[in-house]
Amino acid sequence: MILAKQVTKSFGDQRVINDITIEFETGKTNLVIGRSGSGKTVLLKMLVGLITPDAGQILYDGEDFYALGKKELQSLRMRVGMLFQGSALFDSMTVEANVGFPLEMFTHNTKAEKLKRINYCLERVGLSGNNKKYPSEVSGGMQKRVGIARAIVLNPRYLFCDEPNSGLDPTTSLLIDELIHDITVENNITTIINTHDMNSVMEFGETVSFLNQGKLAWRGSKNDILKSKNEDLHDFIFASPFIQKLLDEANITMP
Amino acid sequence: MKILEDLGRFILLIKHGLVRPPNWRMYGRELVRQMYDIGNGSLLIIILIAIFIGAVTAVQFLYQLGNTLIPTWYIGYIVRDSTIIELAPTISSLVLAGKVGSNMASEIGGMRQKEHIDAMEVMGVNTPSYLVLPKILAGVLVIPLLVIVAAFVSIIGGYLASVGGGFMTTEEYVRGLRAFFLPYNLWMMLVKAGVFSFILTSVACYQGYFVKGGSVELGKASTNAVVISNILILVSDYLIALLFTT
């Protein structure tokens with residue numbers, strides 16, 4: 001479980017995250033949704049230690065991330081995996097080297113053991129046999145899957161995904177969502193996903209946190225989301241003319 | 001204030017990098033890769049530049065000393081000392097700031113923009129240590145070797161221009177080369193090469209590491225790396241000259 005407790009962050013005069021407290025549950029896909037500029041990415045970066053909060057605490061199963069010593073922090077980081085929006089694969093390395101990078105850096109396993117683990121992770125994300133390809137030689141969806149394989153190679157306890165569906169077609173998006181969800185459940189890890197994608201929300205939103213102007217504006221599950229009377233949440237969900245049209249044609253009136 | 005802020009961040013970047021690596025083999029591999037890139041990638045340009053530096057120095061001094069009582073064999077002496085003390089370390093480093101420095105700034109800056117550095121940080125990699133330190137260390141180890149090559153080739157360049165051009169005999173040139181030799185000057189050359197290589201690699205890494213924005217900013221960082229390195233190299237050249245000769 002990860003707890004962001006009364007977290008605040010400002011850049012200059014602009015307060016980007018305003019006294020947010022959210023608990024992200026273990027074994028679930030915890031979604032964070034909100035408009036562009038609502039503070040989702042800043043929150044995610046604070047959770048993984050890329051941006052330091054001005055106030056508040058980030059607690060990983062009770063351990064205060066920003067109060068840890070160097071060794072403890074290193075140990076915690078090895079339990080964290082992250083999928084970046086642009087995948088952040090190392091261009092000059094093959095798929096195999098990308099996935100194996102954390103193993104090379106932090107383990108003293110034999111070459112055969114490392115290769116076995118790499119192959120397992122690639123198989124898990126459906127990319128067996130692509131070991132020797134370079135990131136530029138695979139599609140955007142495959143790059144995301146390589147990113148997931150790299151994120152899980154050290155058996156993380158916490159998985160962070162920043163916009164895992166951005167730039168992907170609906171079918172590939174669904175595959176990526178299913179993969180992340182399955183990995184979360186199989187390994188009983190705490191997964192936090194930043195997303196704009198309402199398909200993801202309606203499919204896998206076990207716990208959904210809606211950020212608006214740096215504040216936690218709503219929290220619930222996918223089952224509650226359509227019943228919510230939060231205006232900002234409604235504006236966000238039904239901003240798409242396509243969804244509006246579907247609702248109109250089905251003659252559905254929202255609360 | 002901006003200079004002080006930059007200086008503070010630069011010192012912190014170096015300080016954060018000075019830690020025990022979690023995996024010596026990976027760091028060693030990165031160091032060797034950097035050494036190979038700097039050495040192999042720059043050798044040809046250094047030889048080309050050095051040969052012409054020596055040749056131009058010889059021809060220029062032949063012209064200036066033409067109607068004086070100073071004997072012609074002094075050319076060997078002038079080429080040797082001007083090359084060793086000043087031209088080989090300084091010109092080579094200025095050229096390498098353009099070639100190696102801009103390359104390093106672009107490489108690290110590109111990694112910053114593509115979130116590679118963030119990805120490594122999240123994994124727990126100490127990026128100043130893994131990305132910056134091997135580059136600086138490789139520069140400090142390899143660039144002085146390139147400067148030694150440059151000094152040697154410059155002297156050959158001077159020989160080709162003066163003896164090959166028919167202005168003096170081989171004996172005269174060699175006599176000049178062997179006259180008034182002070183081994184101390186070689187130390188001065190190596191000190192300059194060491195300091196300049198630290199400046200050009202560390203400034204480039206700093207500019208790349210803290211780059212913000214897009215490709216325009218990356219281009220600016222790369223240019224800044226070269227311009228700032230060149231200025232600092234020339235200032236430190238003056239200070240080292242003062243320190244070693246007065």
# chains A, B, ... in the order shown; residues from 1 in each chain; ligands from 1
$ select_by_dssp --residues "region 8-232 of chain B" --states "helix (DSSP H, G or I)" --output "PyMOL selection string"
chain B and resi 8-17+24-64+74-113+116-123+127-162+170-178+183-209+215-232
$ interface_residues --of "chain A" --to "chain B" --cutoff "8 Å" --atoms "only C-alpha atoms" --output "list of chain:residue names"
A:Val48, A:Gly49, A:Leu50, A:Gln74, A:Arg77, A:Met78, A:Val80, A:Gly81, A:Met82, A:Phe84, A:Gly86, A:Ala88, A:Leu89, A:Phe90, A:Pro102, A:Glu104, A:Met105, A:Phe106
$ atom_distance --atom1 "CA of Arg175 (chain B)" --atom2 "CA of Trp73 (chain B)"
6.4 Å
$ residues_around --residues "region 133-137 of chain B" --least-positions-apart "6" --cutoff "7 Å" --atoms "only C-alpha atoms" --output "JSON, numbers by chain"
{"B": [17, 30, 31, 34, 198, 201, 202]}
$ atom_distance --atom1 "CA of Thr107 (chain A)" --atom2 "CA of Leu73 (chain A)"
16.5 Å
$ residues_around --residues "Ala239 (chain A)" --least-positions-apart "4" --cutoff "12 Å" --atoms "only C-alpha atoms" --output "number ranges by chain"
A: 34-35, 196-198, 231-235, 243-245
$ residues_around --residues "Thr190 (chain A)" --least-positions-apart "5" --cutoff "8 Å" --atoms "only C-alpha atoms" --output "list in words"
Met1, Ile2, Phe24, Glu25, Thr26, Gly27, Lys28, Thr29, Asn30, Arg157, Tyr158, Leu159 and Thr184 of chain A
$ write_last_selection --atoms "N, CA and C atoms" --output "mmCIF file, in the first residue's frame"
data_model
loop_
_atom_site.group_PDB
_atom_site.id
_atom_site.type_symbol
_atom_site.label_atom_id
_atom_site.label_comp_id
_atom_site.auth_asym_id
_atom_site.auth_seq_id
_atom_site.Cartn_x
_atom_site.Cartn_y
_atom_site.Cartn_z
ATOM 1 N N MET A 1 0.830 -1.198 0.000
ATOM 2 C CA MET A 1 0.000 0.000 0.000
ATOM 3 C C MET A 1 0.871 1.257 0.000
ATOM 4 N N ILE A 2 0.456 2.212 -0.800
ATOM 5 C CA ILE A 2 1.183 3.486 -0.816
ATOM 6 C C ILE A 2 0.212 4.578 -0.375
ATOM 7 N N PHE A 24 -3.296 4.221 -2.028
ATOM 8 C CA PHE A 24 -3.296 3.320 -3.185
ATOM 9 C C PHE A 24 -3.179 1.890 -2.665
ATOM 10 N N GLU A 25 -4.179 1.083 -3.014
ATOM 11 C CA GLU A 25 -4.283 -0.236 -2.385
ATOM 12 C C GLU A 25 -3.470 -1.312 -3.085
ATOM 13 N N THR A 26 -3.015 -2.266 -2.276
ATOM 14 C CA THR A 26 -2.219 -3.387 -2.790
ATOM 15 C C THR A 26 -3.103 -4.373 -3.547
ATOM 16 N N GLY A 27 -2.557 -4.892 -4.642
ATOM 17 C CA GLY A 27 -3.273 -5.902 -5.412
ATOM 18 C C GLY A 27 -4.346 -5.323 -6.312
ATOM 19 N N LYS A 28 -4.355 -3.987 -6.415
ATOM 20 C CA LYS A 28 -5.377 -3.348 -7.253
ATOM 21 C C LYS A 28 -4.736 -2.394 -8.251
ATOM 22 N N THR A 29 -5.440 -2.153 -9.351
ATOM 23 C CA THR A 29 -4.991 -1.112 -10.276
ATOM 24 C C THR A 29 -5.645 0.191 -9.826
ATOM 25 N N ASN A 30 -4.834 1.051 -9.283
ATOM 26 C CA ASN A 30 -5.328 2.339 -8.768
ATOM 27 C C ASN A 30 -5.165 3.375 -9.876
ATOM 28 N N ARG A 157 7.361 -4.556 -6.114
ATOM 29 C CA ARG A 157 6.177 -4.592 -5.255
ATOM 30 C C ARG A 157 5.241 -3.427 -5.615
ATOM 31 N N TYR A 158 5.806 -2.466 -6.338
ATOM 32 C CA TYR A 158 5.020 -1.272 -6.691
ATOM 33 C C TYR A 158 5.248 -0.983 -8.171
ATOM 34 N N LEU A 159 4.165 -0.782 -8.903
ATOM 35 C CA LEU A 159 4.291 -0.522 -10.341
ATOM 36 C C LEU A 159 3.585 0.794 -10.685
ATOM 37 N N THR A 184 -0.639 -7.130 -11.972
ATOM 38 C CA THR A 184 -0.967 -6.609 -10.641
ATOM 39 C C THR A 184 -1.604 -7.696 -9.763
#
$ atom_distance --atom1 "CA of Arg29 (chain B)" --atom2 "CA of Ala138 (chain B)"
11.3 Å
